[in-house]
>>> print(open('target22.tsv').read())   # TSV, C-alpha atoms
chain	number	residue	atom	x	y	z
A	1	MET	CA	62.22	-122.02	42.34
A	2	SER	CA	65.01	-122.24	44.89
A	3	ASN	CA	64.99	-120.38	48.19
A	4	GLU	CA	68.50	-119.27	47.16
A	5	THR	CA	70.37	-120.55	50.21
A	6	GLY	CA	72.61	-122.83	48.14
A	7	ALA	CA	73.86	-125.95	49.93
A	8	LEU	CA	72.08	-125.01	53.16
A	9	TRP	CA	69.06	-127.24	53.88
A	10	MET	CA	67.14	-125.05	56.29
A	11	PRO	CA	64.96	-126.36	59.14
A	12	PHE	CA	61.19	-125.81	59.03
A	13	THR	CA	61.54	-124.03	55.67
A	14	SER	CA	60.21	-124.64	52.16
A	15	ALA	CA	63.02	-125.34	49.73
A	16	GLY	CA	60.89	-124.03	46.89
A	17	GLY	CA	59.33	-120.93	48.39
A	18	ARG	CA	60.28	-117.30	48.21
A	19	PRO	CA	63.91	-116.41	49.04
A	20	SER	CA	64.70	-116.63	52.73
A	21	PRO	CA	65.76	-113.47	54.57
A	22	VAL	CA	69.37	-113.59	55.67
A	23	ILE	CA	70.12	-112.18	59.13
A	24	VAL	CA	73.69	-110.95	59.43
A	25	ALA	CA	73.88	-109.27	62.85
A	26	GLY	CA	72.08	-108.58	66.10
A	27	GLU	CA	72.30	-105.51	68.30
A	28	GLY	CA	70.31	-105.23	71.49
A	29	HIS	CA	66.69	-105.86	70.58
A	30	CYS	CA	67.22	-105.53	66.83
A	31	LEU	CA	68.27	-107.88	64.06
A	32	ILE	CA	69.91	-106.64	60.87
A	33	ASP	CA	69.35	-108.41	57.56
A	34	SER	CA	71.58	-108.62	54.52
A	35	GLU	CA	69.80	-105.62	52.97
A	36	GLY	CA	70.68	-103.48	56.00
A	37	ALA	CA	67.14	-103.37	57.41
A	38	ARG	CA	66.86	-103.14	61.20
A	39	LEU	CA	64.07	-105.27	62.67
A	40	LEU	CA	62.78	-104.90	66.21
A	41	ASP	CA	62.88	-108.53	67.29
A	42	ALA	CA	59.63	-109.45	69.04
A	43	THR	CA	60.45	-113.16	68.70
A	44	ALA	CA	63.65	-113.37	70.79
A	45	GLY	CA	65.59	-114.88	67.92
A	46	GLY	CA	62.57	-116.45	66.23
A	47	VAL	CA	61.60	-119.03	68.86
A	48	ALA	CA	61.59	-117.24	72.25
A	49	CYS	CA	65.17	-118.18	73.09
A	50	VAL	CA	67.37	-115.06	73.06
A	51	ILE	CA	65.94	-113.86	76.36
A	52	LEU	CA	68.66	-111.23	76.98
A	53	GLY	CA	68.72	-109.74	73.50
A	54	HIS	CA	71.47	-109.76	70.91
A	55	GLY	CA	75.12	-108.78	71.07
A	56	ARG	CA	75.84	-109.35	74.75
A	57	THR	CA	79.61	-109.15	74.54
A	58	GLU	CA	80.14	-110.17	78.15
A	59	ILE	CA	78.66	-113.60	77.34
A	60	ALA	CA	80.86	-113.89	74.26
A	61	ASP	CA	83.93	-112.77	76.22
A	62	ALA	CA	83.28	-115.32	78.98
A	63	VAL	CA	82.91	-118.07	76.38
A	64	ALA	CA	86.12	-117.03	74.62
A	65	ALA	CA	88.05	-117.06	77.90
A	66	GLN	CA	86.74	-120.53	78.73
A	67	LEU	CA	87.68	-121.88	75.31
A	68	GLY	CA	91.22	-120.67	75.91
A	69	GLU	CA	91.32	-122.56	79.22
A	70	LEU	CA	89.40	-125.77	78.48
A	71	GLU	CA	87.45	-126.40	75.31
A	72	TYR	CA	86.16	-129.90	76.08
A	73	HIS	CA	86.16	-132.69	78.60
A	74	CYS	CA	85.68	-136.45	78.36
A	75	LEU	CA	82.33	-137.43	79.84
A	76	PHE	CA	82.97	-140.98	81.06
A	77	GLY	CA	83.49	-140.36	84.75
A	78	TYR	CA	85.04	-136.92	84.38
A	79	ALA	CA	83.59	-133.59	85.45
A	80	HIS	CA	84.80	-130.02	85.11
A	81	PRO	CA	84.28	-127.01	87.39
A	82	ARG	CA	81.96	-124.99	85.11
A	83	ALA	CA	79.47	-127.87	84.72
A	84	MET	CA	79.40	-128.36	88.48
A	85	GLU	CA	78.92	-124.63	89.06
A	86	LEU	CA	76.11	-124.30	86.52
A	87	ALA	CA	74.31	-127.36	87.86
A	88	GLU	CA	74.40	-125.86	91.36
A	89	ALA	CA	73.26	-122.46	90.07
A	90	VAL	CA	70.31	-123.95	88.19
A	91	ALA	CA	69.33	-126.26	91.06
A	92	ALA	CA	69.35	-123.31	93.48
A	93	ARG	CA	66.65	-121.57	91.40
A	94	THR	CA	64.33	-124.42	90.45
A	95	PRO	CA	61.07	-125.18	92.28
A	96	GLY	CA	61.15	-127.58	95.22
A	97	ASP	CA	63.74	-130.34	95.20
A	98	LEU	CA	64.48	-130.34	91.47
A	99	ASN	CA	68.20	-130.40	92.08
A	100	HIS	CA	69.89	-132.99	89.86
A	101	VAL	CA	70.79	-131.52	86.48
A	102	PHE	CA	71.57	-133.66	83.42
A	103	PHE	CA	72.92	-131.51	80.58
A	104	GLY	CA	72.29	-131.95	76.86
A	105	ASN	CA	72.47	-129.64	73.89
A	106	SER	CA	68.87	-128.61	73.13
A	107	GLY	CA	65.30	-128.72	74.31
A	108	SER	CA	64.70	-131.77	72.13
A	109	GLU	CA	67.56	-133.61	73.84
A	110	ALA	CA	66.31	-132.46	77.24
A	111	VAL	CA	62.91	-134.01	76.53
A	112	GLU	CA	64.50	-137.21	75.20
A	113	THR	CA	66.53	-137.40	78.40
A	114	ALA	CA	63.48	-136.81	80.59
A	115	LEU	CA	61.49	-139.56	78.87
A	116	LYS	CA	64.37	-142.00	79.32
A	117	ILE	CA	64.79	-141.00	82.97
A	118	ALA	CA	61.08	-141.65	83.56
A	119	ARG	CA	61.15	-145.12	82.00
A	120	ALA	CA	64.43	-146.02	83.68
A	121	TYR	CA	63.16	-144.83	87.06
A	122	TRP	CA	60.20	-147.19	87.06
A	123	ARG	CA	62.39	-150.08	85.97
A	124	ARG	CA	64.80	-149.37	88.85
A	125	VAL	CA	61.98	-149.40	91.40
A	126	GLY	CA	60.57	-152.67	90.09
A	127	GLN	CA	57.71	-151.37	87.94
A	128	GLY	CA	59.15	-151.86	84.47
A	129	ALA	CA	55.71	-152.13	82.86
A	130	LYS	CA	55.28	-148.37	83.31
A	131	THR	CA	56.57	-147.27	79.89
A	132	GLY	CA	53.77	-145.16	78.38
A	133	PHE	CA	53.28	-141.39	78.27
A	134	VAL	CA	50.29	-139.09	78.25
A	135	SER	CA	50.55	-135.53	76.94
A	136	LEU	CA	48.36	-132.71	75.68
A	137	ARG	CA	47.02	-131.91	72.24
A	138	ARG	CA	48.84	-128.89	70.76
A	139	GLY	CA	51.79	-129.56	73.07
A	140	TYR	CA	55.30	-129.19	71.66
A	141	HIS	CA	58.19	-131.24	73.02
A	142	GLY	CA	60.91	-130.94	70.40
A	143	MET	CA	61.72	-132.86	67.23
A	144	ASN	CA	63.51	-136.02	68.37
A	145	PHE	CA	61.51	-139.24	67.99
A	146	GLY	CA	60.51	-139.20	71.64
A	147	GLY	CA	59.52	-135.55	71.43
A	148	ILE	CA	57.30	-135.91	68.37
A	149	SER	CA	55.80	-139.11	69.82
A	150	VAL	CA	54.58	-137.28	72.92
A	151	GLY	CA	54.04	-134.00	71.09
A	152	GLY	CA	50.50	-132.95	70.30
A	153	LEU	CA	51.15	-131.21	66.97
A	154	THR	CA	50.17	-133.76	64.33
A	155	GLU	CA	52.03	-131.96	61.53
A	156	ASN	CA	55.32	-132.58	63.35
A	157	ARG	CA	54.92	-136.35	63.41
A	158	SER	CA	52.78	-137.24	60.38
A	159	GLY	CA	55.70	-138.02	58.08
A	160	PHE	CA	57.90	-140.03	60.44
A	161	GLY	CA	55.97	-143.00	61.79
A	162	PRO	CA	55.95	-145.47	63.32
A	163	LEU	CA	56.76	-143.56	66.48
A	164	LEU	CA	57.41	-144.45	70.12
A	165	PRO	CA	54.57	-146.75	71.22
A	166	GLY	CA	52.40	-146.06	74.23
A	167	CYS	CA	51.99	-142.29	73.70
A	168	THR	CA	48.58	-140.65	73.71
A	169	GLN	CA	47.32	-137.08	73.90
A	170	VAL	CA	44.28	-135.62	75.64
A	171	PRO	CA	42.58	-132.24	75.17
A	172	ALA	CA	44.67	-129.45	76.66
A	173	HIS	CA	43.70	-128.13	80.08
A	174	ASP	CA	40.86	-130.62	80.61
A	175	ILE	CA	41.58	-132.31	83.93
A	176	ALA	CA	38.64	-134.72	83.58
A	177	ALA	CA	40.01	-135.90	80.22
A	178	LEU	CA	43.43	-136.54	81.77
A	179	GLU	CA	41.87	-138.49	84.65
A	180	ARG	CA	39.85	-140.61	82.22
A	181	GLU	CA	42.89	-141.35	80.05
A	182	LEU	CA	45.02	-142.49	82.96
A	183	THR	CA	42.23	-144.70	84.24
A	184	TYR	CA	41.36	-146.13	80.81
A	185	ARG	CA	44.96	-146.92	79.90
A	186	ASP	CA	45.75	-148.31	83.38
A	187	PRO	CA	48.29	-146.20	85.31
A	188	THR	CA	50.40	-149.29	86.03
A	189	THR	CA	51.50	-149.00	82.37
A	190	ILE	CA	52.16	-145.24	82.31
A	191	ALA	CA	55.53	-143.73	83.20
A	192	ALA	CA	54.70	-140.03	83.09
A	193	VAL	CA	52.47	-137.19	82.07
A	194	ILE	CA	54.40	-134.53	80.15
A	195	MET	CA	53.18	-131.00	79.41
A	196	GLU	CA	54.29	-127.39	79.14
A	197	PRO	CA	53.24	-125.08	81.99
A	198	ALA	CA	51.80	-122.78	79.30
A	199	GLN	CA	51.64	-124.11	75.75
A	200	ALA	CA	53.87	-121.99	73.54
A	201	ALA	CA	54.66	-123.27	70.03
A	202	GLY	CA	51.23	-124.86	69.77
A	203	GLY	CA	49.56	-121.46	69.78
A	204	VAL	CA	50.18	-119.82	73.19
A	205	PHE	CA	47.54	-121.39	75.41
A	206	PRO	CA	47.99	-120.63	79.12
A	207	PRO	CA	46.26	-123.04	81.51
A	208	PRO	CA	43.32	-122.00	83.67
A	209	GLU	CA	44.27	-121.19	87.25
A	210	GLY	CA	44.51	-124.32	89.38
A	211	TYR	CA	44.87	-126.70	86.43
A	212	LEU	CA	48.52	-127.62	87.02
A	213	ALA	CA	47.88	-128.18	90.72
A	214	ASP	CA	45.06	-130.55	89.74
A	215	VAL	CA	47.42	-132.34	87.34
A	216	ARG	CA	49.92	-132.81	90.15
A	217	THR	CA	47.17	-134.29	92.34
A	218	VAL	CA	45.98	-136.66	89.60
A	219	CYS	CA	49.55	-137.85	88.89
A	220	ASP	CA	50.15	-138.49	92.58
A	221	ARG	CA	46.87	-140.37	92.95
A	222	HIS	CA	47.75	-142.68	90.04
A	223	ASP	CA	51.46	-142.94	90.90
A	224	VAL	CA	52.58	-141.40	87.61
A	225	LEU	CA	55.51	-139.01	87.24
A	226	LEU	CA	54.92	-135.42	86.12
A	227	ILE	CA	57.34	-133.91	83.59
A	228	LEU	CA	57.06	-130.16	83.05
A	229	ASP	CA	58.60	-129.03	79.77
A	230	GLU	CA	59.94	-125.58	80.65
A	231	VAL	CA	62.05	-125.13	77.52
A	232	VAL	CA	60.09	-121.96	76.67
A	233	CYS	CA	58.57	-121.01	80.02
A	234	GLY	CA	61.77	-121.34	82.06
A	235	PHE	CA	64.20	-118.57	83.03
A	236	GLY	CA	61.62	-115.80	83.35
A	237	ARG	CA	59.31	-116.03	80.34
A	238	LEU	CA	56.20	-116.06	82.57
A	239	GLY	CA	57.47	-113.43	84.99
A	240	HIS	CA	58.86	-116.06	87.39
A	241	TRP	CA	62.04	-118.09	87.25
A	242	PHE	CA	60.03	-121.10	86.09
A	243	GLY	CA	56.47	-121.97	85.19
A	244	GLY	CA	56.39	-124.24	88.21
A	245	HIS	CA	56.79	-121.14	90.37
A	246	ARG	CA	54.07	-119.29	88.45
A	247	TYR	CA	51.54	-122.10	88.91
A	248	GLY	CA	52.72	-123.42	92.29
A	249	VAL	CA	53.69	-126.92	91.14
A	250	VAL	CA	56.83	-129.01	91.61
A	251	ALA	CA	57.37	-131.57	88.86
A	252	ASP	CA	59.25	-134.83	89.23
A	253	ILE	CA	61.35	-133.95	86.17
A	254	MET	CA	61.70	-130.62	84.40
A	255	THR	CA	63.25	-129.79	81.04
A	256	VAL	CA	64.97	-126.50	80.15
A	257	ALA	CA	66.91	-125.01	77.23
A	258	LYS	CA	66.52	-121.71	75.30
A	259	GLY	CA	66.87	-119.20	78.17
A	260	LEU	CA	69.44	-121.40	79.91
A	261	THR	CA	72.12	-119.78	77.73
A	262	SER	CA	69.92	-117.16	76.04
A	263	ALA	CA	70.71	-119.22	72.92
A	264	TYR	CA	74.28	-117.89	72.75
A	265	ILE	CA	75.42	-121.51	72.70
A	266	PRO	CA	73.19	-124.59	72.33
A	267	MET	CA	72.35	-126.20	75.66
A	268	GLY	CA	69.50	-127.97	77.40
A	269	ALA	CA	68.97	-129.97	80.56
A	270	ALA	CA	66.65	-132.41	82.26
A	271	ILE	CA	66.37	-131.76	85.98
A	272	ALA	CA	65.21	-134.51	88.33
A	273	GLY	CA	63.84	-134.28	91.84
A	274	ALA	CA	65.27	-136.14	94.81
A	275	ARG	CA	62.77	-139.03	94.65
A	276	VAL	CA	63.69	-139.82	91.05
A	277	HIS	CA	67.43	-139.33	91.37
A	278	GLU	CA	67.78	-141.43	94.52
A	279	ALA	CA	66.50	-144.48	92.66
A	280	PHE	CA	69.55	-144.29	90.37
A	281	VAL	CA	72.27	-144.05	93.01
A	282	ASP	CA	74.31	-147.26	93.11
A	283	PRO	CA	76.73	-147.45	96.05
A	284	ALA	CA	78.76	-150.02	94.13
A	285	GLY	CA	79.57	-147.41	91.49
A	286	ALA	CA	77.87	-149.03	88.51
A	287	ILE	CA	76.59	-146.79	85.71
A	288	GLU	CA	72.98	-146.29	86.70
A	289	PHE	CA	71.76	-144.36	83.64
A	290	MET	CA	73.33	-145.38	80.34
A	291	HIS	CA	72.64	-142.12	78.56
A	292	GLY	CA	74.46	-138.97	77.48
A	293	TYR	CA	75.63	-136.88	74.56
A	294	THR	CA	79.12	-136.09	73.33
A	295	TYR	CA	78.74	-132.43	74.29
A	296	SER	CA	76.75	-132.83	77.52
A	297	GLY	CA	77.86	-130.06	79.87
A	298	HIS	CA	80.24	-128.49	77.34
A	299	PRO	CA	82.49	-126.00	79.18
A	300	ALA	CA	81.72	-123.09	76.84
A	301	ALA	CA	77.96	-123.64	77.15
A	302	CYS	CA	78.24	-123.88	80.94
A	303	VAL	CA	80.08	-120.56	81.10
A	304	ALA	CA	77.40	-118.97	78.92
A	305	GLY	CA	74.73	-120.32	81.29
A	306	LEU	CA	76.53	-118.98	84.35
A	307	LYS	CA	76.86	-115.55	82.76
A	308	VAL	CA	73.17	-115.55	81.77
A	309	ILE	CA	72.08	-116.29	85.34
A	310	GLU	CA	74.40	-113.54	86.59
A	311	ILE	CA	72.86	-111.03	84.16
A	312	ILE	CA	69.30	-112.11	84.95
A	313	GLU	CA	69.83	-111.38	88.63
A	314	ARG	CA	72.00	-108.28	88.23
A	315	GLU	CA	69.56	-106.60	85.85
A	316	GLY	CA	66.32	-107.79	87.46
A	317	VAL	CA	65.27	-109.54	84.25
A	318	VAL	CA	62.61	-111.72	85.86
A	319	GLU	CA	61.02	-108.69	87.48
A	320	ASN	CA	61.16	-106.79	84.19
A	321	SER	CA	59.52	-109.72	82.45
A	322	ARG	CA	56.70	-109.69	84.99
A	323	GLU	CA	56.08	-105.95	84.63
A	324	VAL	CA	56.52	-105.66	80.87
A	325	GLY	CA	54.65	-108.93	80.37
A	326	ALA	CA	51.63	-107.45	82.13
A	327	HIS	CA	51.87	-104.49	79.77
A	328	LEU	CA	52.10	-106.83	76.77
A	329	GLN	CA	48.97	-108.69	77.87
A	330	GLN	CA	47.08	-105.43	78.29
A	331	ARG	CA	48.17	-104.00	74.94
A	332	VAL	CA	47.74	-107.16	72.86
A	333	ARG	CA	44.13	-107.44	74.00
A	334	SER	CA	43.41	-104.13	72.30
A	335	LEU	CA	43.82	-106.00	69.00
A	336	ALA	CA	40.80	-108.19	69.74
A	337	ALA	CA	38.47	-105.57	68.24
A	338	HIS	CA	39.92	-106.02	64.74
A	339	PRO	CA	37.52	-107.73	62.31
A	340	LEU	CA	40.33	-110.09	61.21
A	341	VAL	CA	41.14	-111.18	64.77
A	342	SER	CA	39.29	-114.15	66.23
A	343	GLU	CA	41.17	-114.32	69.55
A	344	VAL	CA	44.10	-112.92	71.48
A	345	ARG	CA	45.67	-114.80	74.36
A	346	GLY	CA	48.85	-114.97	76.36
A	347	GLU	CA	50.70	-115.09	79.65
A	348	GLY	CA	53.77	-113.14	80.70
A	349	MET	CA	56.02	-112.44	77.72
A	350	LEU	CA	54.07	-114.81	75.45
A	351	ALA	CA	51.19	-113.66	73.26
A	352	ALA	CA	49.29	-114.83	70.20
A	353	VAL	CA	47.00	-112.94	67.83
A	354	GLU	CA	44.80	-115.48	66.06
A	355	LEU	CA	43.27	-114.52	62.74
A	356	GLY	CA	39.86	-115.84	61.75
A	357	THR	CA	39.72	-115.44	57.98
A	358	GLU	CA	38.72	-118.14	55.47
A	359	ASP	CA	42.40	-118.78	54.77
A	360	PRO	CA	44.19	-117.79	57.99
A	361	HIS	CA	47.55	-119.25	56.93
A	362	THR	CA	47.76	-116.98	53.87
A	363	THR	CA	46.53	-113.97	55.85
A	364	VAL	CA	49.01	-114.60	58.67
A	365	ALA	CA	51.88	-114.91	56.18
A	366	GLU	CA	50.94	-111.67	54.46
A	367	ALA	CA	50.49	-109.87	57.78
A	368	GLN	CA	53.90	-111.06	58.97
A	369	ARG	CA	55.50	-109.90	55.71
A	370	ARG	CA	54.00	-106.42	56.05
A	371	ILE	CA	54.89	-106.21	59.74
A	372	GLN	CA	58.49	-107.09	58.90
A	373	LYS	CA	58.53	-104.49	56.13
A	374	ALA	CA	57.45	-101.96	58.77
A	375	GLY	CA	60.50	-102.87	60.87
A	376	VAL	CA	59.15	-105.40	63.39
A	377	LEU	CA	59.71	-109.15	63.51
A	378	VAL	CA	56.87	-111.35	64.79
A	379	ARG	CA	56.42	-115.06	64.17
A	380	ALA	CA	53.92	-116.32	61.59
A	381	GLN	CA	52.29	-119.64	62.42
A	382	GLU	CA	49.36	-121.49	60.87
A	383	ASP	CA	46.57	-119.27	62.18
A	384	HIS	CA	48.23	-116.72	64.43
A	385	LEU	CA	50.98	-114.18	64.90
A	386	GLY	CA	53.29	-115.01	67.80
A	387	ILE	CA	54.82	-112.29	70.00
A	388	TYR	CA	57.48	-113.40	72.51
A	389	PRO	CA	60.20	-110.76	72.80
A	390	PRO	CA	63.43	-110.80	74.78
A	391	LEU	CA	62.70	-110.52	78.50
A	392	THR	CA	64.69	-107.28	78.55
A	393	PHE	CA	62.16	-105.52	76.28
A	394	SER	CA	60.72	-102.23	77.52
A	395	ALA	CA	57.07	-101.22	77.66
A	396	THR	CA	57.82	-98.64	74.95
A	397	GLU	CA	59.08	-101.37	72.63
A	398	ILE	CA	55.94	-103.40	73.33
A	399	ASP	CA	53.91	-100.34	72.31
A	400	THR	CA	55.84	-100.13	69.05
A	401	VAL	CA	55.18	-103.80	68.24
A	402	ILE	CA	51.45	-103.56	68.97
A	403	GLU	CA	51.07	-100.32	67.02
A	404	VAL	CA	52.73	-101.84	63.94
A	405	VAL	CA	50.60	-104.99	64.15
A	406	ASP	CA	47.50	-102.82	64.65
A	407	ASN	CA	48.26	-100.72	61.58
A	408	VAL	CA	49.03	-103.73	59.39
A	409	LEU	CA	45.85	-105.56	60.36
A	410	ALA	CA	43.83	-102.43	59.66
A	411	GLY	CA	45.37	-102.29	56.18
A	412	LEU	CA	44.42	-105.91	55.45
A	413	VAL	CA	40.69	-105.45	56.01
>>> encode(input="target22.tsv", output="structure tokens")
Amino acid sequence: MSNETGALWMPFTSAGGRPSPVIVAGEGHCLIDSEGARLLDATAGGVACVILGHGRTEIADAVAAQLGELEYHCLFGYAHPRAMELAEAVAARTPGDLNHVFFGNSGSEAVETALKIARAYWRRVGQGAKTGFVSLRRGYHGMNFGGISVGGLTENRSGFGPLLPGCTQVPAHDIAALERELTYRDPTTIAAVIMEPAQAAGGVFPPPEGYLADVRTVCDRHDVLLILDEVVCGFGRLGHWFGGHRYGVVADIMTVAKGLTSAYIPMGAAIAGARVHEAFVDPAGAIEFMHGYTYSGHPAACVAGLKVIEIIEREGVVENSREVGAHLQQRVRSLAAHPLVSEVRGEGMLAAVELGTEDPHTTVAEAQRRIQKAGVLVRAQEDHLGIYPPLTFSATEIDTVIEVVDNVLAGLV
């Protein structure tokens, strides 16, 4: 049985399963499928990326104007004004001295860039043996080879080995386990620890208070870089500009994507702090970091990013995320009483409803199907329903989502 998408080989999708829904338009906080159904989008485009909602014509208009002026630039030694402006705008809002922005085209490329920066940094300061990485179980860091090598979701890497050597994972949010791993492996061989401020794709697991500060201390004690993967958490998802702000930690390198352009155009970035960047500066003008992508800093993507930042500040999106996120956390916890629900958890505008049946995958898929039929889109994952709406959602829309999920779960008992 075909999924009836013809020549299209879809990502993360069974080619032999039931026919895939076809989304034809987006308006505000709703998506419209090919059958004309309107779905309240509590997934921000499916993967927490359309932070400003759908159909923002001012972003599209800005992109169109830029394409009429300059559609591309050559990267070898050339810059353009929009890339410079967006780099400054991002650097002005990041924690601490994270102020050197290297653009790519996705979160996966941002992570790949960060891993290469970390290895290259240690080589430039005379410690080239520091090539390994330590990360967390259940962590998600994209789908490039580097990302799945450091990622803690075994299903993402099981079919693609051998992977990048020197990558190990420790239990999430266990500072003693991280300390033991660094000591056991010998920190003189480890380039960086990489983790999300709050785990998102792996099941929405926020850290305990103080954990990230302890991680920063452990990394400093062992002279290991800290990479915070803010692809999901960045640009307001946790009610702060970045997860580093929420948890009071400044990383050595940070990755961003998704909210950077609200997914209107693909873009990501790795952002390095002063200590890391200074090691690459060569007064003689040699190329210090032999890395880049054809579309790094694409003018149209940069304009989209600038417009997104403008809208975030003009409309108080971060503040709205903080207030509505608190409402989401309060409301989603009301679902914990359901006999099918084993746990609810979340932080800011991220929430998960974990189901504890004998076959949670089948139950989650059926629940998601019924929720969608009722006019709401949530994400179905192995054992839980994911809720991560646009950051412009209202408390009333949160209520609608929770009420629909509540009713559907009640009907599945």
>>> residues_around(input="target22.tsv", residues="segment 349-357 of chain A", least_positions_apart="4", cutoff="6 Å", atoms="only C-alpha atoms", output="PyMOL selection string")
chain A and resi 204+237+325+340-345+383-388
>>> closest_residue(input="target22.tsv", among="A:Glu112, A:Tyr264, A:Pro187, A:Pro208", to="Gly55 of chain A", atoms="only C-alpha atoms")
A:Tyr264
>>> residues_around(input="target22.tsv", residues="Ala191 of chain A", least_positions_apart="3", cutoff="8 Å", atoms="only C-alpha atoms", output="list in words")
Ala118, Arg119, Trp122, Lys130, Thr131, Gly132, Phe133, Pro187, Val224 and Leu225 of chain A
>>> atom_distance(input="target22.tsv", atom1="atom CA of Thr189 of chain A", atom2="atom CA of Val134 of chain A")
10.8 Å
>>> closest_residue(input="target22.tsv", among="A:Thr255, A:Thr94, A:Gln329, A:Gln368", to="Val111 of chain A", atoms="only C-alpha atoms")
A:Thr255
>>> residues_around(input="target22.tsv", residues="segment 281-290 of chain A", least_positions_apart="5", cutoff="10 Å", atoms="only C-alpha atoms", output="list of chain:residue names")
A:Phe76, A:Gly77, A:Lys116, A:Ile117, A:Ala120, A:Tyr121, A:Arg124, A:Val276
>>> closest_residue(input="target22.tsv", among="A:Ala380, A:Ile309, A:Val318, A:Leu260", to="His240 of chain A", atoms="only C-alpha atoms")
A:Val318
>>> closest_residue(input="target22.tsv", among="A:Phe102, A:Phe160, A:Phe393, A:Tyr211", to="Val256 of chain A", atoms="all atoms listed in the file")
A:Phe102
>>> closest_residue(input="target22.tsv", among="A:Arg138, A:His80, A:His277, A:Arg216", to="Val150 of chain A", atoms="only C-alpha atoms")
A:Arg138
>>> atom_distance(input="target22.tsv", atom1="atom CA of Gly244 of chain A", atom2="atom CA of Ala177 of chain A")
21.6 Å
>>> residues_around(input="target22.tsv", residues="segment 21-38 of chain A", least_positions_apart="2", cutoff="6 Å", atoms="all atoms listed in the file", output="number ranges by chain")
A: 40-41, 53-55
>>> atom_distance(input="target22.tsv", atom1="atom CA of Phe242 of chain A", atom2="atom CA of Met84 of chain A")
20.8 Å
>>> residues_near_point(input="target22.tsv", point="(42.0, -140.7, 81.3)", cutoff="12 Å", atoms="all atoms listed in the file", output="JSON, numbers by chain")
{"A": [133, 134, 135, 136, 168, 169, 170, 171, 174, 175, 176, 177, 178, 179, 180, 181, 182, 183, 184, 185, 186, 187, 190, 193, 215, 218, 219, 222]}
>>> closest_residue(input="target22.tsv", among="A:Ser394, A:Thr363, A:Thr57, A:Gln66", to="Ala300 of chain A", atoms="only C-alpha atoms")
A:Gln66
>>> residues_near_point(input="target22.tsv", point="(68.9, -135.3, 76.9)", cutoff="10 Å", atoms="all atoms listed in the file", output="NGL selection string")
:A and (102-117 or 255 or 267-270 or 291-293 or 296)
